[in-house]
file protein00.txt (compact mmCIF, C-alpha atoms)
# COMPACT_ATOMS: atom_id res chain seq x y z
CA MET A 16 0.00 0.00 0.00
CA LYS A 17 1.27 3.47 -0.88
CA LYS A 18 2.32 5.98 1.73
CA GLN A 19 -0.44 8.34 0.65
CA ASN A 20 -3.14 5.74 1.28
CA VAL A 21 -1.69 4.78 4.66
CA ARG A 22 -1.46 8.43 5.67
CA THR A 23 -5.02 9.15 4.55
CA ILE A 24 -6.46 6.17 6.44
CA SER A 25 -4.44 7.11 9.52
CA LEU A 26 -5.72 10.69 9.38
CA ILE A 27 -9.33 9.51 9.06
CA VAL A 28 -8.96 7.17 12.05
CA CYS A 29 -7.21 9.85 14.13
CA THR A 30 -9.84 12.48 13.25
CA PHE A 31 -12.79 10.29 14.19
CA THR A 32 -11.02 9.21 17.37
CA TYR A 33 -10.40 12.87 18.20
CA LEU A 34 -14.09 13.62 17.59
CA LEU A 35 -15.16 10.81 19.91
CA VAL A 36 -12.79 11.98 22.65
CA GLY A 37 -14.01 15.58 22.24
CA ALA A 38 -17.65 14.52 22.41
CA ALA A 39 -17.01 12.58 25.61
CA VAL A 40 -15.21 15.51 27.24
CA PHE A 41 -17.86 18.08 26.23
CA ASP A 42 -20.58 15.76 27.47
CA SER A 43 -18.99 15.49 30.88
CA LEU A 44 -18.33 19.24 31.11
CA GLU A 45 -21.51 20.80 29.72
CA SER A 46 -24.43 18.37 30.00
CA GLU A 47 -25.16 18.93 33.70
CA THR A 48 -24.88 22.71 33.38
CA GLU A 49 -27.24 22.64 30.41
CA LYS A 50 -29.78 20.62 32.38
CA ARG A 51 -29.70 22.99 35.36
CA ARG A 52 -30.00 26.04 33.11
CA TRP A 53 -32.96 24.56 31.29
CA GLU A 54 -34.71 23.81 34.59
CA ALA A 55 -34.09 27.39 35.80
CA LEU A 56 -35.48 28.87 32.58
CA GLN A 57 -38.56 26.68 32.78
CA ALA A 58 -39.16 27.80 36.37
CA ILE A 59 -38.87 31.48 35.33
CA GLU A 60 -41.25 30.91 32.42
CA ASP A 61 -43.87 29.29 34.70
CA MET A 62 -43.52 32.10 37.22
CA ILE A 63 -44.08 34.81 34.57
CA ILE A 64 -47.09 32.99 33.14
CA ARG A 65 -48.70 32.68 36.60
CA LYS A 66 -47.76 36.20 37.69
CA TYR A 67 -49.09 38.05 34.65
CA ASN A 68 -51.79 35.50 33.82
CA ILE A 69 -50.81 35.11 30.16
CA SER A 70 -51.18 32.09 27.93
CA GLN A 71 -48.39 29.91 26.64
CA GLU A 72 -48.91 31.28 23.12
CA ASP A 73 -48.55 34.88 24.31
CA PHE A 74 -45.35 34.01 26.11
CA LYS A 75 -43.93 32.48 22.90
CA VAL A 76 -44.74 35.70 21.06
CA MET A 77 -42.93 37.75 23.70
CA GLU A 78 -39.96 35.40 23.50
CA THR A 79 -39.78 35.79 19.72
CA VAL A 80 -39.95 39.58 19.98
CA VAL A 81 -37.09 39.64 22.48
CA LEU A 82 -34.89 37.39 20.36
CA LYS A 83 -35.55 39.26 17.11
CA SER A 84 -34.95 42.67 18.66
CA GLU A 85 -31.55 41.72 20.07
CA PRO A 86 -29.50 42.54 16.92
CA HIS A 87 -31.15 45.96 16.61
CA LYS A 88 -29.56 47.10 19.86
CA ALA A 89 -26.36 47.71 17.90
CA GLY A 90 -28.13 50.05 15.53
CA GLN A 91 -29.15 49.45 11.95
CA GLN A 92 -27.36 46.30 10.81
CA TRP A 93 -27.76 46.89 7.09
CA LYS A 94 -26.53 50.43 6.71
CA PHE A 95 -23.09 50.76 5.15
CA THR A 96 -21.12 50.25 8.39
CA GLY A 97 -23.12 47.22 9.49
CA ALA A 98 -23.17 45.83 5.93
CA PHE A 99 -19.38 46.14 5.74
CA TYR A 100 -19.10 44.25 9.03
CA TYR A 101 -21.40 41.54 7.66
CA ALA A 102 -19.41 41.32 4.40
CA THR A 103 -16.22 40.89 6.45
CA THR A 104 -17.71 37.96 8.37
CA VAL A 105 -18.76 36.35 5.07
CA LEU A 106 -15.42 36.77 3.30
CA THR A 107 -13.44 35.54 6.32
CA THR A 108 -15.89 32.62 6.90
CA ILE A 109 -16.34 33.68 10.54
CA GLY A 110 -20.12 33.74 10.22
CA TYR A 111 -21.24 35.00 13.61
CA GLY A 112 -24.89 34.76 12.68
CA HIS A 113 -25.75 37.97 14.51
CA SER A 114 -27.33 39.37 11.36
CA THR A 115 -28.60 37.41 8.38
CA PRO A 116 -30.32 38.49 5.16
CA SER A 117 -34.09 38.11 5.14
CA THR A 118 -34.88 38.91 1.49
CA ILE A 119 -34.49 36.53 -1.44
CA GLY A 120 -32.19 39.01 -3.18
CA GLY A 121 -29.99 39.31 -0.08
CA LYS A 122 -29.69 35.53 0.31
CA LEU A 123 -28.93 35.04 -3.39
CA PHE A 124 -26.30 37.77 -3.41
CA THR A 125 -24.74 36.31 -0.24
CA MET A 126 -24.19 32.97 -1.98
CA CYS A 127 -22.72 34.58 -5.10
CA TYR A 128 -20.63 36.96 -3.02
CA ALA A 129 -19.23 34.09 -0.94
CA ILE A 130 -18.33 31.99 -4.01
CA VAL A 131 -15.98 34.72 -5.20
CA GLY A 132 -15.03 36.33 -1.91
CA ILE A 133 -14.00 33.29 0.13
CA PRO A 134 -11.30 32.04 -2.31
CA LEU A 135 -10.13 35.63 -2.75
CA GLY A 136 -9.85 36.07 1.01
CA LEU A 137 -8.01 32.77 1.48
CA VAL A 138 -5.46 33.65 -1.20
CA MET A 139 -4.99 37.14 0.22
CA PHE A 140 -4.46 35.95 3.79
CA GLN A 141 -2.15 33.18 2.61
CA SER A 142 -0.07 35.69 0.64
CA ILE A 143 0.09 38.04 3.62
CA GLY A 144 1.13 35.12 5.81
CA GLU A 145 4.00 34.29 3.45
CA ARG A 146 5.15 37.92 3.51
CA VAL A 147 5.02 37.91 7.30
CA ASN A 148 7.15 34.78 7.40
CA ARG A 149 9.63 36.28 4.96
CA LEU A 150 9.85 39.48 7.01
CA SER A 151 10.33 37.42 10.16
CA SER A 152 13.20 35.51 8.54
CA TYR A 153 14.90 38.78 7.54
CA VAL A 154 14.55 40.12 11.09
CA ILE A 155 15.97 36.92 12.57
CA GLN A 156 18.93 37.02 10.18
CA ALA A 157 19.62 40.67 10.98
CA VAL A 158 19.49 40.03 14.72
CA ARG A 159 21.83 37.05 14.46
CA LYS A 160 24.25 38.96 12.28
CA SER A 161 24.31 41.80 14.80
CA LEU A 162 25.01 39.26 17.55
CA ARG A 163 27.68 37.65 15.34
CA CYS A 164 26.19 34.19 15.51
CA LYS A 165 27.72 31.43 13.43
CA ARG A 166 24.40 30.36 11.92
CA THR A 167 22.36 33.30 10.64
CA ALA A 168 19.74 31.52 8.54
CA ALA A 169 16.23 31.30 10.02
CA SER A 170 14.89 27.79 10.42
CA GLU A 171 11.27 26.68 10.44
CA VAL A 172 11.37 26.34 14.22
CA ASP A 173 12.46 29.97 14.52
CA LEU A 174 9.63 31.13 12.27
CA ILE A 175 7.09 29.04 14.18
CA CYS A 176 8.23 30.62 17.43
CA VAL A 177 7.95 34.12 15.94
CA VAL A 178 4.46 33.72 14.47
CA THR A 179 3.22 31.95 17.61
CA THR A 180 4.45 34.88 19.68
CA LEU A 181 2.78 37.36 17.33
CA SER A 182 -0.49 35.43 17.47
CA SER A 183 -0.40 35.36 21.27
CA LEU A 184 0.29 39.09 21.46
CA THR A 185 -2.50 39.83 19.00
CA ILE A 186 -5.03 37.82 21.01
CA ALA A 187 -3.85 39.29 24.31
CA GLY A 188 -4.01 42.88 23.03
CA GLY A 189 -7.38 42.41 21.36
CA ALA A 190 -8.80 40.78 24.48
CA ALA A 191 -7.78 43.80 26.59
CA ALA A 192 -9.53 46.19 24.19
CA PHE A 193 -12.72 44.16 23.90
CA SER A 194 -12.85 43.67 27.65
CA ARG A 195 -12.87 47.43 28.07
CA TYR A 196 -15.37 48.32 25.31
CA GLU A 197 -17.77 45.38 25.71
CA GLY A 198 -17.63 44.96 29.48
CA TRP A 199 -16.62 41.29 29.23
CA SER A 200 -14.26 39.53 31.55
CA TYR A 201 -10.72 39.16 30.26
CA PHE A 202 -11.10 35.39 29.91
CA ASP A 203 -14.30 35.81 27.87
CA SER A 204 -12.51 38.36 25.69
CA VAL A 205 -9.65 35.93 25.06
CA TYR A 206 -12.24 33.29 24.19
CA TYR A 207 -13.95 35.69 21.74
CA CYS A 208 -10.64 36.59 20.06
CA PHE A 209 -9.66 32.95 19.66
CA ILE A 210 -13.05 31.93 18.26
CA THR A 211 -12.94 34.87 15.84
CA LEU A 212 -9.38 34.46 14.54
CA THR A 213 -9.81 30.72 14.04
CA THR A 214 -12.98 31.55 12.02
CA ILE A 215 -15.11 29.27 14.21
CA GLY A 216 -17.52 32.12 14.86
CA PHE A 217 -20.08 30.61 17.23
CA GLY A 218 -21.92 33.90 17.57
CA ASP A 219 -22.53 33.55 21.30
CA MET A 220 -20.31 36.59 21.83
CA VAL A 221 -20.19 39.25 19.11
CA ALA A 222 -18.57 42.66 19.32
CA LEU A 223 -20.30 45.89 18.24
CA GLN A 224 -23.71 44.65 19.30
CA LYS A 225 -24.66 47.02 22.08
CA ASP A 226 -25.20 50.73 22.73
CA ASN A 227 -25.71 51.44 19.01
CA ALA A 228 -21.97 50.95 18.55
CA LEU A 229 -22.14 50.66 14.75
CA ASN A 230 -23.36 54.26 14.48
CA ASN A 231 -21.95 56.00 17.56
CA LYS A 232 -18.45 54.49 17.88
CA PRO A 233 -16.67 54.65 14.50
CA GLN A 234 -13.22 54.33 16.09
CA TYR A 235 -14.25 51.14 17.84
CA VAL A 236 -15.74 49.77 14.61
CA MET A 237 -12.48 50.48 12.78
CA PHE A 238 -10.45 48.82 15.52
CA ALA A 239 -12.65 45.69 15.41
CA LEU A 240 -12.31 45.36 11.62
CA ILE A 241 -8.53 45.94 11.67
CA PHE A 242 -8.17 43.42 14.49
CA ILE A 243 -10.05 40.77 12.49
CA LEU A 244 -8.10 41.32 9.26
CA PHE A 245 -4.66 41.67 10.87
CA GLY A 246 -5.27 38.77 13.25
CA LEU A 247 -6.35 36.48 10.42
CA ALA A 248 -3.17 37.38 8.52
CA ILE A 249 -1.06 36.36 11.51
CA VAL A 250 -3.01 33.13 11.90
CA ALA A 251 -2.52 32.46 8.19
CA ALA A 252 1.22 32.83 8.71
CA SER A 253 1.04 30.18 11.42
CA LEU A 254 -1.03 27.87 9.25
CA ASN A 255 1.43 28.35 6.41
CA LEU A 256 4.14 26.82 8.58
CA LEU A 257 2.20 24.30 10.65
CA VAL A 258 -0.52 22.94 8.38
CA LEU A 259 0.53 23.32 4.75
CA ARG A 260 3.62 21.17 5.31
CA PHE A 261 1.40 18.23 6.15
CA VAL A 262 -1.11 19.07 3.42
CA THR A 263 1.59 18.94 0.73
CA MET A 264 3.04 15.61 1.87
CA ASN A 265 0.74 13.63 -0.43
CA THR A 266 1.70 15.81 -3.39
CA GLU A 267 5.41 15.33 -2.68
CA ASP A 268 4.99 11.56 -2.37
CA GLU A 269 3.05 11.41 -5.65
CA ARG A 270 5.77 13.37 -7.43
CA ARG A 271 8.42 11.08 -5.96
CA ASP A 272 6.52 8.00 -7.14
CA GLU A 273 6.16 9.49 -10.62
CA ALA A 274 9.89 10.23 -10.75
CA GLN A 275 10.74 6.69 -9.68
CA ALA A 276 8.35 5.27 -12.27
CA MET A 277 9.92 7.39 -15.01
CA GLN A 278 13.40 6.33 -13.92
CA ALA A 279 12.39 2.67 -13.96
CA LEU A 280 10.89 3.13 -17.42
CA GLN A 281 14.10 4.66 -18.71
CA VAL A 282 16.12 1.75 -17.32
CA ALA A 283 13.74 -0.71 -18.96
CA VAL A 284 14.06 1.03 -22.32
CA LYS A 285 17.83 0.98 -21.99
CA LEU A 286 17.83 -2.76 -21.36
CA GLU A 287 15.71 -3.31 -24.44
CA GLY A 288 18.30 -1.43 -26.46
CA ASP A 289 21.17 -3.70 -25.40
CA VAL A 290 22.67 -5.94 -28.08
CA ILE A 291 24.67 -9.17 -27.79
CA THR A 292 27.25 -9.80 -30.48
CA ALA A 293 28.27 -13.20 -31.80
CA ASN A 294 31.52 -13.14 -29.86
CA GLY A 295 29.60 -12.68 -26.61
CA SER A 296 30.24 -8.99 -25.88
CA ILE A 297 27.35 -6.80 -24.76
CA LEU A 298 26.91 -3.38 -26.32
CA SER A 299 24.42 -0.98 -24.72
CA GLY A 300 22.43 1.70 -26.48
CA TYR A 301 23.15 0.58 -30.09
CA GLU A 302 19.95 0.74 -32.01
CA GLY A 303 19.97 1.30 -35.75
CA HIS A 304 23.79 1.42 -36.03
CA GLU A 305 26.36 -1.00 -37.28
CA VAL A 306 28.91 -2.29 -34.81
CA GLN A 307 32.48 -2.89 -35.80
CA SER A 308 34.45 -5.80 -34.41
CA ASN A 309 37.35 -4.92 -32.16
CA SER A 310 39.69 -7.47 -33.70
CA SER A 311 39.15 -7.52 -37.46
CA GLY A 312 37.10 -4.38 -38.15
CA SER A 313 34.45 -6.42 -39.98
CA THR A 314 30.80 -6.15 -39.29
CA THR A 315 29.80 -8.53 -36.53
CA SER A 316 26.48 -10.25 -36.52
CA MET A 317 24.54 -9.56 -33.38
CA CYS A 318 21.11 -9.93 -31.86
CA SER A 319 18.90 -7.39 -30.19
CA CYS A 320 17.16 -8.86 -27.22
CA SER A 321 15.38 -8.11 -24.02
CA CYS A 322 16.97 -9.96 -21.15
CA ALA A 323 13.75 -9.97 -19.20
CA ARG A 324 11.76 -11.55 -22.02
CA PHE A 325 14.26 -14.30 -22.88
CA SER A 326 13.83 -15.70 -19.39
CA ALA A 327 10.08 -16.18 -20.09
CA ASN A 328 8.38 -19.02 -21.95
CA ARG A 329 8.72 -19.44 -25.70
CA HIS A 330 5.05 -18.72 -26.30
CA LYS A 331 5.83 -15.01 -25.77
CA LYS A 332 7.83 -14.81 -29.00
CA HIS A 333 4.97 -13.10 -30.79
CA GLN A 334 5.09 -10.29 -28.20
CA TYR A 335 8.75 -9.74 -29.00
CA LYS A 336 7.94 -9.76 -32.69
CA ALA A 337 5.24 -7.12 -32.16
CA ARG A 338 7.55 -4.98 -30.09
CA ARG A 339 10.45 -5.15 -32.54
CA SER A 340 9.24 -5.38 -36.08
CA PRO A 341 11.29 -7.33 -38.65
CA SER A 342 12.26 -4.15 -40.41
CA HIS A 343 13.53 -2.81 -37.10
CA ILE A 344 15.96 -5.63 -36.34
CA ARG A 345 17.02 -6.51 -39.90
CA HIS A 346 19.79 -3.89 -39.89
CA LEU A 347 21.11 -5.43 -36.67
CA LEU A 348 21.62 -8.75 -38.50
CA PRO A 349 23.35 -7.87 -41.75
CA GLU A 350 23.78 -11.54 -42.61
CA VAL A 351 22.75 -14.89 -41.22
CA VAL A 352 25.87 -16.65 -40.06
CA PRO A 353 25.42 -20.42 -39.58
CA MET A 354 26.62 -21.89 -36.36
CA GLN A 355 29.18 -23.99 -38.28
CA ASP A 356 30.82 -20.78 -39.53
CA LEU A 357 31.43 -19.74 -35.94
CA SER A 358 33.57 -22.86 -35.37
CA TYR A 359 31.25 -24.16 -32.67
CA ASP A 360 30.52 -27.89 -32.41
CA THR A 361 26.75 -27.84 -32.37
CA HIS A 362 26.47 -31.57 -31.78
CA SER A 363 28.54 -31.40 -28.62
CA LEU A 364 26.57 -28.37 -27.46
CA ASN A 365 23.29 -30.21 -28.03
CA ALA A 366 24.65 -33.06 -26.01
CA ASP A 367 25.25 -30.64 -23.13
CA GLY A 368 21.58 -29.65 -23.13
CA LEU A 369 21.94 -26.29 -24.88
CA ASP A 370 19.27 -25.34 -27.38
CA ILE A 371 21.25 -24.66 -30.60
CA VAL A 372 19.41 -24.05 -33.84
CA ASP A 373 21.25 -24.42 -37.12
CA THR A 374 20.46 -21.26 -39.02
CA SER A 375 21.61 -22.75 -42.32
CA SER A 376 18.24 -24.45 -42.53
CA VAL A 377 16.30 -21.23 -42.09
CA SER A 378 13.53 -21.05 -44.65
CA PRO A 379 12.96 -17.77 -46.46
CA SER A 380 9.28 -17.85 -45.60
CA LYS A 381 9.90 -17.70 -41.82
CA PRO A 382 13.23 -15.92 -41.40
CA HIS A 383 12.37 -13.85 -38.34
CA ARG A 384 11.10 -16.67 -36.14
CA GLN A 385 14.20 -18.71 -36.94
CA LEU A 386 16.44 -15.71 -36.34
CA LEU A 387 14.83 -15.32 -32.93
CA LYS A 388 15.64 -18.96 -32.14
CA ARG A 389 19.20 -18.35 -33.29
CA ASN A 390 19.43 -15.30 -31.00
CA VAL A 391 18.25 -17.36 -28.08
CA SER A 392 20.80 -20.04 -28.91
CA LEU A 393 23.62 -17.50 -29.03
CA LEU A 394 22.57 -16.13 -25.66
CA SER A 395 22.32 -19.62 -24.19
CA PHE A 396 25.77 -20.51 -25.52
CA ARG A 397 27.27 -17.35 -24.06
CA ILE A 398 25.73 -18.03 -20.63

call {"tool": "encode", "arguments": {"input": "protein00.txt", "output": "structure tokens"}}
result
Amino acid sequence: MKKQNVRTISLIVCTFTYLLVGAAVFDSLESETEKRRWEALQAIEDMIIRKYNISQEDFKVMETVVLKSEPHKAGQQWKFTGAFYYATTVLTTIGYGHSTPSTIGGKLFTMCYAIVGIPLGLVMFQSIGERVNRLSSYVIQAVRKSLRCKRTAASEVDLICVVTTLSSLTIAGGAAAFSRYEGWSYFDSVYYCFITLTTIGFGDMVALQKDNALNNKPQYVMFALIFILFGLAIVAASLNLLVLRFVTMNTEDERRDEAQAMQALQVAVKLEGDVITANGSILSGYEGHEVQSNSSGSTTSMCSCSCARFSANRHKKHQYKARRSPSHIRHLLPEVVPMQDLSYDTHSLNADGLDIVDTSSVSPSKPHRQLLKRNVSLLSFRI
């Protein structure tokens, strides 16, 4: 089995195992709290219904009104400022869900806008991440040169440390600002920054959603947008180092397999081009050329053969004939030299169990099949 298949199966097993472990942990941490919260909400609902003597249907209407009016506390969501904030959450795939289009035109344009915008955003953030990594490598080299270190080149470990530090500083600084403007605890602000920059975007905590912030606090709106875009660029730099290396492993293995296959094919073609002369010497790469004898200078009769195919059964001769046409090998055999002319005792060779064919009896009607037998006999004699 190929490395790529083993790696893919291993990743699938590890991912599902990780999901099962996560589900078990979340169940143990959150299920009891959810149950208690639901019981408290039901008690409050029953108390309100009894106190104000309203029906269950009226209470559901009140509940719907409260939920639907929540986004409007930030001001008009679909004016230019709010629409720009919404477009940012679409392009970055954060998707808070705090505001969603309600018209058919808005939903249709959201789908078309996302088809173009999401790939554009991914490419942009990836490019920015590469530039950040390149800048980090230059800074590391400059610092090491100033300190006169022996090794000045920045390694992947150095870059990972740099972008991890930048990501931590970005989250820490953003959490301090959101804690001040939104009134959240610092831990909740860190949680919001992490969920935002990893594009999870639960929507349970969303900035700019109170005190009509979209209309009354333009500086805060600008800070939130810059934080999202800059933070995503830093995260993209981290992903460029941590994730893409593993993503491209399959591609590298496939290219390596293709290169090995091409190399093996070239070796096989070279073996098919080898020729064996009558005096037993092997000449590689001669195809379509005459070979001169080392001793007398005369043209030596020789055979073109594939060593791999001569070890197979004789019923594969027609495959050899199809692969090397008669016109192709005729120039390699300028004349048919009988075995007697080579001063070999064919009777004694036959007695030793070697398959020698007397080419003097070759019929003109089947010259190529007999020549093939003669080639095999020459090879067998040489071995």

call {"tool": "residues_near_point", "arguments": {"input": "protein00.txt", "point": "(-19.6, 31.9, 6.3)", "cutoff": "10 Å", "atoms": "all atoms listed in the file", "output": "ChimeraX atom specification"}}
result
/A:101-112,125-126,129,133,214-216

call {"tool": "atom_distance", "arguments": {"input": "protein00.txt", "atom1": "CA of Ala192 (chain A)", "atom2": "CA of Leu137 (chain A)"}}
result
26.4 Å

call {"tool": "closest_residue", "arguments": {"input": "protein00.txt", "among": "A:Tyr206, A:Arg52, A:Asn231, A:Ser183", "to": "Asp219 (chain A)", "atoms": "all atoms listed in the file"}}
result
A:Tyr206

call {"tool": "atom_distance", "arguments": {"input": "protein00.txt", "atom1": "CA of Gly121 (chain A)", "atom2": "CA of Phe99 (chain A)"}}
result
13.9 Å

call {"tool": "residues_near_point", "arguments": {"input": "protein00.txt", "point": "(-24.9, 42.0, 22.7)", "cutoff": "12 Å", "atoms": "only C-alpha atoms", "output": "list of chain:residue names"}}
result
A:Leu82, A:Ser84, A:Glu85, A:Pro86, A:His87, A:Lys88, A:Ala89, A:Gly90, A:His113, A:Ser114, A:Tyr196, A:Glu197, A:Gly198, A:Trp199, A:Gly218, A:Asp219, A:Met220, A:Val221, A:Ala222, A:Leu223, A:Gln224, A:Lys225, A:Asp226, A:Asn227, A:Ala228

call {"tool": "atom_distance", "arguments": {"input": "protein00.txt", "atom1": "CA of Phe74 (chain A)", "atom2": "CA of Met62 (chain A)"}}
result
11.4 Å

call {"tool": "axis_aligned_box", "arguments": {"input": "protein00.txt", "around": "region 93-112 of chain A", "padding_each_side": "3 Å", "output": "lines of an AutoDock Vina configuration file"}}
result
center_x = -20.6
center_y = 41.7
center_z = 8.5
size_x = 20.3
size_y = 24.1
size_z = 16.3

call {"tool": "closest_residue", "arguments": {"input": "protein00.txt", "among": "A:Ala279, A:Ala252, A:Ala39, A:Val154", "to": "Thr167 (chain A)", "atoms": "only C-alpha atoms"}}
result
A:Val154

call {"tool": "build_atoms", "arguments": {"input": "protein00.txt", "residues": "region 93-113 of chain A", "atoms": "N, CA and C atoms", "output": "PDB file, keeping the file's coordinate frame"}}
result
ATOM      1  N   TRP A  93     -27.945  46.956   8.530  1.00  0.00           N
ATOM      2  CA  TRP A  93     -27.760  46.890   7.090  1.00  0.00           C
ATOM      3  C   TRP A  93     -27.457  48.239   6.456  1.00  0.00           C
ATOM      4  N   LYS A  94     -27.133  49.227   7.258  1.00  0.00           N
ATOM      5  CA  LYS A  94     -26.530  50.430   6.710  1.00  0.00           C
ATOM      6  C   LYS A  94     -25.082  50.105   6.328  1.00  0.00           C
ATOM      7  N   PHE A  95     -24.381  51.089   5.743  1.00  0.00           N
ATOM      8  CA  PHE A  95     -23.090  50.760   5.150  1.00  0.00           C
ATOM      9  C   PHE A  95     -22.122  50.177   6.179  1.00  0.00           C
ATOM     10  N   THR A  96     -22.074  50.744   7.388  1.00  0.00           N
ATOM     11  CA  THR A  96     -21.120  50.250   8.390  1.00  0.00           C
ATOM     12  C   THR A  96     -21.452  48.816   8.799  1.00  0.00           C
ATOM     13  N   GLY A  97     -22.719  48.566   9.111  1.00  0.00           N
ATOM     14  CA  GLY A  97     -23.120  47.220   9.490  1.00  0.00           C
ATOM     15  C   GLY A  97     -22.998  46.231   8.338  1.00  0.00           C
ATOM     16  N   ALA A  98     -23.297  46.702   7.102  1.00  0.00           N
ATOM     17  CA  ALA A  98     -23.170  45.830   5.930  1.00  0.00           C
ATOM     18  C   ALA A  98     -21.706  45.470   5.674  1.00  0.00           C
ATOM     19  N   PHE A  99     -20.802  46.431   5.905  1.00  0.00           N
ATOM     20  CA  PHE A  99     -19.380  46.140   5.740  1.00  0.00           C
ATOM     21  C   PHE A  99     -18.929  45.109   6.781  1.00  0.00           C
ATOM     22  N   TYR A 100     -19.414  45.221   7.991  1.00  0.00           N
ATOM     23  CA  TYR A 100     -19.100  44.250   9.030  1.00  0.00           C
ATOM     24  C   TYR A 100     -19.624  42.867   8.645  1.00  0.00           C
ATOM     25  N   TYR A 101     -20.828  42.820   8.103  1.00  0.00           N
ATOM     26  CA  TYR A 101     -21.400  41.540   7.660  1.00  0.00           C
ATOM     27  C   TYR A 101     -20.586  40.960   6.499  1.00  0.00           C
ATOM     28  N   ALA A 102     -20.203  41.797   5.521  1.00  0.00           N
ATOM     29  CA  ALA A 102     -19.410  41.320   4.400  1.00  0.00           C
ATOM     30  C   ALA A 102     -18.060  40.772   4.866  1.00  0.00           C
ATOM     31  N   THR A 103     -17.485  41.377   5.901  1.00  0.00           N
ATOM     32  CA  THR A 103     -16.220  40.890   6.450  1.00  0.00           C
ATOM     33  C   THR A 103     -16.388  39.500   7.051  1.00  0.00           C
ATOM     34  N   THR A 104     -17.482  39.286   7.776  1.00  0.00           N
ATOM     35  CA  THR A 104     -17.710  37.960   8.370  1.00  0.00           C
ATOM     36  C   THR A 104     -17.986  36.911   7.302  1.00  0.00           C
ATOM     37  N   VAL A 105     -18.532  37.310   6.160  1.00  0.00           N
ATOM     38  CA  VAL A 105     -18.760  36.350   5.070  1.00  0.00           C
ATOM     39  C   VAL A 105     -17.437  36.010   4.391  1.00  0.00           C
ATOM     40  N   LEU A 106     -16.661  36.996   4.042  1.00  0.00           N
ATOM     41  CA  LEU A 106     -15.420  36.770   3.300  1.00  0.00           C
ATOM     42  C   LEU A 106     -14.413  35.986   4.141  1.00  0.00           C
ATOM     43  N   THR A 107     -14.378  36.231   5.453  1.00  0.00           N
ATOM     44  CA  THR A 107     -13.440  35.540   6.320  1.00  0.00           C
ATOM     45  C   THR A 107     -13.991  34.221   6.853  1.00  0.00           C
ATOM     46  N   THR A 108     -15.208  33.852   6.474  1.00  0.00           N
ATOM     47  CA  THR A 108     -15.890  32.620   6.900  1.00  0.00           C
ATOM     48  C   THR A 108     -16.067  32.545   8.410  1.00  0.00           C
ATOM     49  N   ILE A 109     -16.075  33.694   9.100  1.00  0.00           N
ATOM     50  CA  ILE A 109     -16.340  33.680  10.540  1.00  0.00           C
ATOM     51  C   ILE A 109     -17.797  33.328  10.785  1.00  0.00           C
ATOM     52  N   GLY A 110     -18.703  34.060  10.148  1.00  0.00           N
ATOM     53  CA  GLY A 110     -20.120  33.740  10.220  1.00  0.00           C
ATOM     54  C   GLY A 110     -20.695  33.749  11.614  1.00  0.00           C
ATOM     55  N   TYR A 111     -20.683  34.909  12.260  1.00  0.00           N
ATOM     56  CA  TYR A 111     -21.240  35.000  13.610  1.00  0.00           C
ATOM     57  C   TYR A 111     -22.709  34.597  13.656  1.00  0.00           C
ATOM     58  N   GLY A 112     -23.454  35.017  12.655  1.00  0.00           N
ATOM     59  CA  GLY A 112     -24.890  34.760  12.680  1.00  0.00           C
ATOM     60  C   GLY A 112     -25.686  35.820  13.410  1.00  0.00           C
ATOM     61  N   HIS A 113     -25.022  36.922  13.783  1.00  0.00           N
ATOM     62  CA  HIS A 113     -25.750  37.970  14.510  1.00  0.00           C
ATOM     63  C   HIS A 113     -26.729  38.708  13.607  1.00  0.00           C
TER      64      HIS A 113
END
